[in-house]
Amino acid sequence: MGDPRNVAHAKKVTQEKQHKAKHSQTTRAPQAGKKAQIEETKSAGTEQSTAPKPEAEKPAQPDSSKLEKSLAVLSNLKDLEFHSRANIEKLAELSLTIEEELKQKAFVESIGAVYGAQDAFQSKILELIGAYETECTRLSGSA
């Protein structure tokens with residue numbers, strides 16, 4: 001079997017391709033709509049500030065606002081995860097360059113430690129995204 005770093009790198013590349021395909025199908029189109037929604041919300045907010053609000057609308061509006069902000073946070077978390085994955089891939093490439101091509105054994109352990117820290121971050125951010133998606137689903141059900 002090949003070097004474990006090569007196997008890990010190949011796995012990450014495959015996951016990134018799947019994520020990009022999934023991300024482009026699900027989030028690219030709604031983002032344009034999200035801008036329109038934000039603009040509509042802003043213009044509606046200015047119109048509503050001049051008109052008195054009925055009592056029934058007050059509790060519903062904070063939930064939708066909270067959901068919208070939570071979805072924005074979720075989007076930012078997913079961006080962090082995407083960049084984290086890219087960092088892992090780049091670190092794997094650098095590790096191979098340092099160890100195999102440059103034969104700089106003194107730095108192999110250091111870059112391995114950085115790679116491990118980035119991998120730990122990747123695991124934690126994925127857990128957080130899962131939990132936050134659950135919260136957004138809960139908020140969207142109550143809104």
# chains A, B, ... in the order shown; residues from 1 in each chain; ligands from 1
$ residues_around --residues "Ile125 (chain A)" --least-positions-apart "4" --cutoff "12 Å" --atoms "only C-alpha atoms" --output "PyMOL selection string"
chain A and resi 74+76-85+118-121+129-133
$ closest_residue --among "A:Leu128, A:Leu71, A:Cys136, A:Val108" --to "Ala92 (chain A)" --atoms "only C-alpha atoms"
A:Val108
$ closest_residue --among "A:Thr134, A:Glu93, A:Tyr115, A:Leu139" --to "Ser65 (chain A)" --atoms "only C-alpha atoms"
A:Leu139
$ closest_residue --among "A:Gln122, A:Ile111, A:Ser70, A:Glu89" --to "Glu135 (chain A)" --atoms "only C-alpha atoms"
A:Ser70
$ select_by_dssp --residues "region 95-131 of chain A" --states "alpha helix (DSSP H)" --output "list in words"
Ser95, Leu96, Val108, Glu109, Ser110, Ile111, Gly112, Ala113, Val114, Tyr115, Gly116, Ala117, Gln118, Asp119, Ala120, Phe121, Gln122, Ser123, Lys124, Ile125, Leu126, Glu127, Leu128, Ile129, Gly130 and Ala131 of chain A
